[in-house]
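Source file: upload.csv; contents: CSV, C-alpha atoms.
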```csv
chain,number,residue,atom,x,y,z
A,1152,MET,CA,103.2,267.8,60.7
A,1153,SER,CA,103.7,266.5,57.2
A,1154,ALA,CA,102.3,263.9,54.9
A,1155,GLN,CA,105.1,261.6,56.1
A,1156,ARG,CA,105.2,259.5,59.2
A,1157,PRO,CA,105.4,261.6,62.4
A,1158,ASP,CA,108.9,262.3,63.7
A,1159,PRO,CA,110.2,261.9,67.3
A,1160,ALA,CA,109.5,265.6,67.8
A,1161,SER,CA,105.8,265.1,67.5
A,1162,PRO,CA,103.8,266.3,70.5
A,1163,PRO,CA,102.9,263.9,73.2
A,1164,ALA,CA,99.6,262.0,73.0
A,1165,LEU,CA,96.5,263.8,74.4
A,1166,THR,CA,95.1,262.8,77.8
A,1167,GLY,CA,91.8,262.8,79.4
A,1168,GLY,CA,93.0,264.8,82.4
A,1169,TYR,CA,92.3,268.2,80.8
A,1170,PRO,CA,88.9,269.9,81.2
A,1171,GLU,CA,88.3,269.9,77.4
A,1172,PRO,CA,87.1,266.8,75.7
A,1173,LEU,CA,89.7,264.8,73.8
A,1174,TRP,CA,88.2,265.8,70.4
A,1175,MET,CA,88.6,269.5,71.3
A,1176,GLN,CA,92.2,268.9,72.3
A,1177,ALA,CA,92.8,267.2,69.0
A,1178,LYS,CA,91.2,270.0,67.1
A,1179,ALA,CA,93.3,272.6,68.9
A,1180,ALA,CA,96.5,270.6,68.3
A,1181,LEU,CA,95.8,270.2,64.6
A,1182,GLU,CA,94.8,273.9,64.3
A,1183,SER,CA,98.1,275.0,66.0
A,1184,ARG,CA,100.3,273.0,63.7
A,1185,ILE,CA,98.4,274.2,60.6
A,1186,ALA,CA,98.7,277.8,61.9
A,1187,VAL,CA,102.5,277.6,62.1
A,1188,GLY,CA,102.8,276.3,58.6
A,1189,GLU,CA,103.8,272.7,59.2
A,1190,VAL,CA,101.1,271.8,56.6
A,1191,LYS,CA,100.7,274.2,53.8
A,1192,PRO,CA,97.3,275.2,52.3
A,1193,GLY,CA,96.2,272.6,49.8
A,1194,SER,CA,98.4,269.9,51.3
A,1195,ARG,CA,97.0,266.6,52.6
A,1196,LEU,CA,97.1,265.6,56.3
A,1197,PRO,CA,98.8,262.3,57.2
A,1198,PRO,CA,96.5,259.3,57.1
A,1199,GLU,CA,93.9,259.0,59.9
A,1200,ARG,CA,95.7,255.9,61.4
A,1201,GLU,CA,98.9,258.0,61.8
A,1202,LEU,CA,97.1,260.9,63.3
A,1203,CYS,CA,95.4,258.6,65.8
A,1204,GLN,CA,98.8,257.2,66.8
A,1205,MET,CA,100.3,260.6,67.0
A,1206,LEU,CA,97.6,262.0,69.3
A,1207,GLY,CA,96.8,258.8,71.1
A,1208,ILE,CA,93.0,259.0,70.4
A,1209,SER,CA,90.5,256.8,68.7
A,1210,ARG,CA,89.4,257.3,65.1
A,1211,VAL,CA,85.9,258.3,66.2
A,1212,THR,CA,87.4,261.1,68.3
A,1213,LEU,CA,89.7,262.2,65.5
A,1214,ARG,CA,86.8,262.3,63.0
A,1215,LYS,CA,84.9,264.6,65.3
A,1216,ALA,CA,87.9,267.0,65.5
A,1217,LEU,CA,88.4,266.8,61.7
A,1218,THR,CA,84.7,267.4,61.0
A,1219,ALA,CA,84.7,270.5,63.2
A,1220,LEU,CA,87.7,271.9,61.3
A,1221,VAL,CA,85.9,271.3,58.0
A,1222,GLU,CA,82.9,273.2,59.4
A,1223,GLU,CA,85.1,276.1,60.3
A,1224,GLY,CA,86.7,276.1,56.9
A,1225,VAL,CA,90.2,275.1,58.1
A,1226,LEU,CA,90.1,271.7,56.3
A,1227,ARG,CA,88.3,270.2,53.4
A,1228,ALA,CA,87.5,266.5,52.9
A,1229,ALA,CA,88.2,264.7,49.6
A,1230,GLN,CA,86.2,261.5,49.5
A,1231,GLY,CA,88.6,258.5,49.3
A,1232,ARG,CA,91.7,260.8,49.3
A,1233,GLY,CA,91.9,262.2,52.8
A,1234,TRP,CA,91.8,265.5,54.5
A,1235,TYR,CA,93.4,268.7,53.1
A,1236,VAL,CA,94.2,272.1,54.5
A,1237,ALA,CA,91.9,274.6,52.8
A,1238,ALA,CA,93.4,277.1,50.5
A,1239,ALA,CA,92.9,280.8,51.5
A,1240,GLU,CA,90.1,282.4,49.4
A,1241,ARG,CA,92.1,285.5,48.4
A,1242,LYS,CA,92.5,284.8,44.7
A,1243,GLU,CA,90.4,286.7,42.3
A,1244,TRP,CA,90.2,287.2,38.6
A,1245,PRO,CA,91.0,290.7,37.5
A,1246,ASN,CA,88.7,293.0,35.5
A,1247,THR,CA,91.4,293.3,32.8
A,1248,LEU,CA,93.0,290.7,30.6
A,1249,GLU,CA,96.0,289.2,32.2
A,1250,SER,CA,97.6,285.8,32.3
A,1251,PHE,CA,97.6,283.4,35.2
A,1252,SER,CA,101.2,284.2,35.9
A,1253,GLU,CA,100.5,288.0,35.9
A,1254,THR,CA,97.6,287.5,38.3
A,1255,ALA,CA,99.9,285.5,40.6
A,1256,ARG,CA,102.6,288.2,40.6
A,1257,ARG,CA,100.0,290.9,41.3
A,1258,MET,CA,99.0,288.9,44.4
A,1259,GLY,CA,102.5,288.2,45.6
A,1260,LEU,CA,102.2,284.4,44.7
A,1261,VAL,CA,104.4,282.1,42.6
A,1262,ALA,CA,102.8,280.5,39.6
A,1263,THR,CA,104.2,277.1,38.4
A,1264,SER,CA,102.8,274.4,36.2
A,1265,ARG,CA,102.9,270.6,35.7
A,1266,VAL,CA,102.8,269.9,32.0
A,1267,LEU,CA,100.4,267.1,31.1
A,1268,ARG,CA,100.7,267.4,27.3
A,1269,ARG,CA,102.2,269.5,24.6
A,1270,GLU,CA,102.1,268.5,21.0
A,1271,SER,CA,101.0,269.8,17.6
A,1272,GLY,CA,97.9,268.3,15.9
A,1273,PRO,CA,95.2,269.0,13.4
A,1274,ALA,CA,92.4,271.4,14.3
A,1275,SER,CA,88.9,269.9,14.7
A,1276,PHE,CA,85.9,271.5,13.0
A,1277,ASP,CA,85.0,273.5,16.2
A,1278,GLU,CA,88.7,274.5,16.8
A,1279,ALA,CA,89.0,275.6,13.1
A,1280,GLU,CA,85.9,277.7,13.4
A,1281,ALA,CA,87.3,279.4,16.6
A,1282,PHE,CA,90.6,280.2,14.9
A,1283,GLN,CA,89.0,281.0,11.5
A,1284,ILE,CA,91.2,278.5,9.8
A,1285,ALA,CA,90.6,275.3,7.7
A,1286,PRO,CA,89.9,272.1,9.6
A,1287,GLY,CA,93.0,270.0,9.8
A,1288,THR,CA,95.3,273.0,10.1
A,1289,PRO,CA,98.0,272.3,12.7
A,1290,LEU,CA,97.6,273.8,16.2
A,1291,PHE,CA,100.0,273.7,19.1
A,1292,ARG,CA,98.3,272.1,22.2
A,1293,LEU,CA,99.4,272.7,25.7
A,1294,GLU,CA,97.8,271.2,28.8
A,1295,ARG,CA,99.0,272.0,32.3
A,1296,VAL,CA,98.0,271.8,36.0
A,1297,ARG,CA,98.4,275.4,37.1
A,1298,MET,CA,99.6,276.0,40.7
A,1299,LEU,CA,99.9,279.0,43.1
A,1300,ASP,CA,102.6,278.6,45.7
A,1301,GLY,CA,102.5,274.8,45.0
A,1302,VAL,CA,98.8,274.4,45.4
A,1303,PRO,CA,96.9,273.1,42.4
A,1304,ILE,CA,94.3,275.7,41.3
A,1305,ALA,CA,93.3,274.8,37.7
A,1306,VAL,CA,93.8,272.6,34.7
A,1307,ASP,CA,94.5,274.7,31.6
A,1308,HIS,CA,94.1,273.4,28.0
A,1309,SER,CA,95.4,275.9,25.5
A,1310,LEU,CA,95.6,276.0,21.7
A,1311,VAL,CA,97.9,278.3,19.6
A,1312,PRO,CA,98.3,278.4,15.8
A,1313,VAL,CA,101.6,276.7,14.8
A,1314,ASP,CA,102.8,279.8,12.9
A,1315,VAL,CA,102.6,281.7,16.2
A,1316,ALA,CA,104.0,278.8,18.3
A,1317,VAL,CA,107.4,278.7,16.6
A,1318,GLY,CA,109.9,277.1,19.0
A,1319,PHE,CA,107.3,276.5,21.7
A,1320,ASP,CA,108.4,272.8,21.8
A,1321,GLU,CA,111.7,274.0,23.5
A,1322,VAL,CA,110.0,276.2,26.1
A,1323,ASP,CA,110.0,275.2,29.8
A,1324,PHE,CA,106.3,275.7,30.5
A,1325,THR,CA,106.6,274.5,34.1
A,1326,ALA,CA,107.7,278.1,34.9
A,1327,ARG,CA,107.2,280.1,31.7
A,1328,SER,CA,104.0,282.0,31.0
A,1329,LEU,CA,102.3,281.2,27.7
A,1330,TYR,CA,101.2,284.8,27.3
A,1331,ASP,CA,104.8,286.0,27.8
A,1332,THR,CA,106.0,283.4,25.3
A,1333,ILE,CA,103.5,284.5,22.6
A,1334,ALA,CA,104.4,288.2,23.3
A,1335,GLY,CA,108.1,287.2,23.0
A,1336,VAL,CA,107.7,286.1,19.4
A,1337,GLY,CA,106.1,289.4,18.4
A,1338,PHE,CA,102.3,288.9,18.9
A,1339,GLU,CA,100.1,291.1,21.1
A,1340,LEU,CA,97.2,289.6,23.1
A,1341,ALA,CA,94.8,292.5,23.3
A,1342,GLN,CA,91.2,291.3,23.8
A,1343,ALA,CA,89.4,288.2,24.9
A,1344,ASP,CA,85.8,286.8,24.6
A,1345,THR,CA,85.1,284.8,27.7
A,1346,THR,CA,82.4,282.5,29.0
A,1347,ILE,CA,82.3,281.0,32.5
A,1348,GLU,CA,80.1,278.2,33.7
A,1349,ALA,CA,80.0,275.6,36.5
A,1350,ARG,CA,80.5,272.0,35.6
A,1351,PRO,CA,81.1,268.8,37.7
A,1352,ALA,CA,84.7,267.6,37.8
A,1353,ASP,CA,85.3,264.3,36.0
A,1354,ALA,CA,87.6,261.7,37.6
A,1355,ALA,CA,90.8,262.8,35.8
A,1356,LEU,CA,90.3,266.5,36.6
A,1357,ALA,CA,89.4,265.7,40.2
A,1358,GLY,CA,92.7,263.7,40.5
A,1359,HIS,CA,94.8,266.7,39.2
A,1360,LEU,CA,93.1,269.1,41.6
A,1361,ALA,CA,92.8,266.8,44.6
A,1362,ILE,CA,89.0,267.1,44.8
A,1363,ALA,CA,86.2,264.6,44.8
A,1364,ALA,CA,84.8,263.6,41.4
A,1365,GLY,CA,81.6,265.5,40.8
A,1366,THR,CA,82.7,268.5,42.7
A,1367,PRO,CA,81.6,271.7,40.9
A,1368,VAL,CA,84.4,273.5,39.1
A,1369,LEU,CA,84.4,276.8,37.2
A,1370,GLU,CA,85.3,276.4,33.6
A,1371,MET,CA,86.5,279.6,31.8
A,1372,ARG,CA,86.7,279.4,28.0
A,1373,GLN,CA,88.5,282.2,26.2
A,1374,ILE,CA,89.4,283.2,22.6
A,1375,VAL,CA,92.1,285.8,22.8
A,1376,ARG,CA,92.8,288.1,19.8
A,1377,ASP,CA,95.3,290.7,18.7
A,1378,ARG,CA,94.2,294.3,17.8
A,1379,ALA,CA,93.4,293.2,14.3
A,1380,GLN,CA,91.0,290.6,15.7
A,1381,ARG,CA,93.1,287.6,14.7
A,1382,PRO,CA,92.6,284.7,17.2
A,1383,LEU,CA,96.0,283.9,18.8
A,1384,LEU,CA,95.0,281.7,21.7
A,1385,SER,CA,92.1,279.5,22.7
A,1386,SER,CA,92.0,278.2,26.3
A,1387,SER,CA,89.7,276.2,28.5
A,1388,ILE,CA,90.7,276.6,32.2
A,1389,ARG,CA,88.9,274.6,34.9
A,1390,TYR,CA,89.3,276.1,38.3
A,1391,ALA,CA,88.7,274.4,41.7
A,1392,GLY,CA,85.7,276.2,42.9
A,1393,ASP,CA,86.9,276.8,46.4
A,1394,ARG,CA,90.2,278.3,45.4
A,1395,TYR,CA,89.3,281.0,42.9
A,1396,ARG,CA,86.5,283.5,42.7
A,1397,LEU,CA,85.4,286.0,40.1
A,1398,ARG,CA,85.1,289.7,40.9
A,1399,THR,CA,83.7,292.1,38.4
A,1400,SER,CA,81.8,295.4,38.3
A,1401,PHE,CA,78.8,296.6,36.4
A,1402,MET,CA,77.7,300.1,35.3
A,1403,ARG,CA,74.2,301.2,34.5
A,1404,SER,CA,73.7,302.9,31.2
A,1405,ALA,CA,72.6,306.5,31.3
A,1406,GLY,CA,68.9,307.1,30.9
A,1407,ILE,CA,67.8,303.7,32.3
```
What do you get writing this file as structure tokens?
Amino acid sequence: MSAQRPDPASPPALTGGYPEPLWMQAKAALESRIAVGEVKPGSRLPPERELCQMLGISRVTLRKALTALVEEGVLRAAQGRGWYVAAAERKEWPNTLESFSETARRMGLVATSRVLRRESGPASFDEAEAFQIAPGTPLFRLERVRMLDGVPIAVDHSLVPVDVAVGFDEVDFTARSLYDTIAGVGFELAQADTTIEARPADAALAGHLAIAAGTPVLEMRQIVRDRAQRPLLSSSIRYAGDRYRLRTSFMRSAGI
């Protein structure tokens, strides 16, 4: 099954001759095709009209099957956008500083990006304060949709001082790691100050992540410094809340 029209090899329509109700047969048929990988995690199912034609059932019956799959965590519904195969919740932030690409490699996944914007522009007052530079100093700006195995996970807006970002206009950031690129020109990303909070997704972010507007996302803001405490990178990464989770550990101080 794919997001395109069903092919001649599609299974025969369901019938009422089986002991199970039609909605349960539809649920089982959809689960089976998802299980064998005909629709990848994060991908959209065909429109309801096509699914009804494929399975030979009414929209009411189909909706009952789809709703049951949502309740089991197999699918997720995006209002006005359709039904999506849920991404596996096996992606975690590390306890050490590493890039999105490094995290992906550690988990055996492939990180890619869709570049939304890359340009140099003057630093705002807040940006200048973060980088300890004068307002108006040029910064390299890079905005990307970050994906794991083709599934959109986050939207990343990063800033780098232009004296660090020499030649970055020529880099293919659809596949290249920004951390690796910075390291490749002789700078070391050693330490980061991080804040994480939940925010509702606006319409633009929701469109990039294939979620409903207003859905909570996790926004991680970081200032990454070298060992001399010079800020080299500022990033704001907004993660789809059902596709990433944070894992950390805490230690209790002696004597408490």
Select, from A:Met1258, A:Ile1185, A:Leu1173, A:Ala1352, the residue with the minimum atom-to-atom distance to Ile1208 (chain A), counting only C-alpha atoms.
A:Leu1173
Could you name the residues that touch Ala1281 (chain A) at 9 Å or less, counting all atoms listed in the file, but leaving out those on the same chain fewer than 5 positions away, as a ChimeraX atom specification?
/A:1276,1374,1382,1385
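Picture a line from CA of Arg1378 (chain A) to CA of Gly1318 (chain A); it runs 23.3 Å.
CA of Ala1334 (chain A) sits 16.5 Å away from CA of Leu1293 (chain A).
Compared by their closest atoms to Val1311 (chain A), and using only C-alpha atoms, the residues A:Arg1350, A:Arg1327, A:Lys1215, A:Arg1381 rank with A:Arg1381 nearest.
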Every residue with an atom at most 9 Å from (96.3, 264.1, 25.3) (file coordinates; all atoms listed in the file) is what I'm after, so could you write them as a list of chain:residue names?
A:Leu1267, A:Arg1268, A:Arg1269, A:Glu1270, A:Arg1292, A:Glu1294
Taking only C-alpha atoms into account, which of A:Ser1209, A:Lys1191, A:Leu1340, A:Gly1259 comes nearest Leu1226 (chain A)?
A:Lys1191
Go through A:Thr1366, A:Thr1263, A:Ser1386, A:Ser1194 one by one, measure the shortest atom-to-atom distance of each to Asp1353 (chain A) using all atoms listed in the file, and give the residue with the smallest value.
A:Thr1366
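The environment of Met1371 (chain A) within 6 Å, counting only C-alpha atoms and disregarding residues fewer than 3 places along the same chain, consists of Thr1346, Ile1347, Ser1387 and Ile1388 of chain A.
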Filtering to C-alpha atoms, could you give me those residues as an mmCIF file, in the frame of the given file?
```cif
data_model
loop_
_atom_site.group_PDB
_atom_site.id
_atom_site.type_symbol
_atom_site.label_atom_id
_atom_site.label_comp_id
_atom_site.auth_asym_id
_atom_site.auth_seq_id
_atom_site.Cartn_x
_atom_site.Cartn_y
_atom_site.Cartn_z
ATOM 1 C CA THR A 1346 82.400 282.500 29.000
ATOM 2 C CA ILE A 1347 82.300 281.000 32.500
ATOM 3 C CA SER A 1387 89.700 276.200 28.500
ATOM 4 C CA ILE A 1388 90.700 276.600 32.200
#
```
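The space between CA of Arg1389 (chain A) and CA of Leu1220 (chain A) spans 26.6 Å.
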Best match for closeness to Gly1335 (chain A) among A:Val1315, A:Ile1304, A:Leu1181, A:Val1221, counting only C-alpha atoms:
A:Val1315
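Between Ala1391 (chain A) and the residues A:Asp1307, A:Glu1182, A:Glu1222, A:Asp1277, the shortest atom-to-atom distance, using all atoms listed in the file, involves A:Asp1307.
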Excluding Ser1250 (chain A) and residues on its chain fewer than 3 positions from it, collect all residues at most 12 Å away from it, counting all atoms listed in the file, and give them as a PyMOL selection string.
chain A and resi 1244-1247+1253-1257+1262+1297+1307+1327-1334+1340-1343+1373+1375+1384+1386+1388
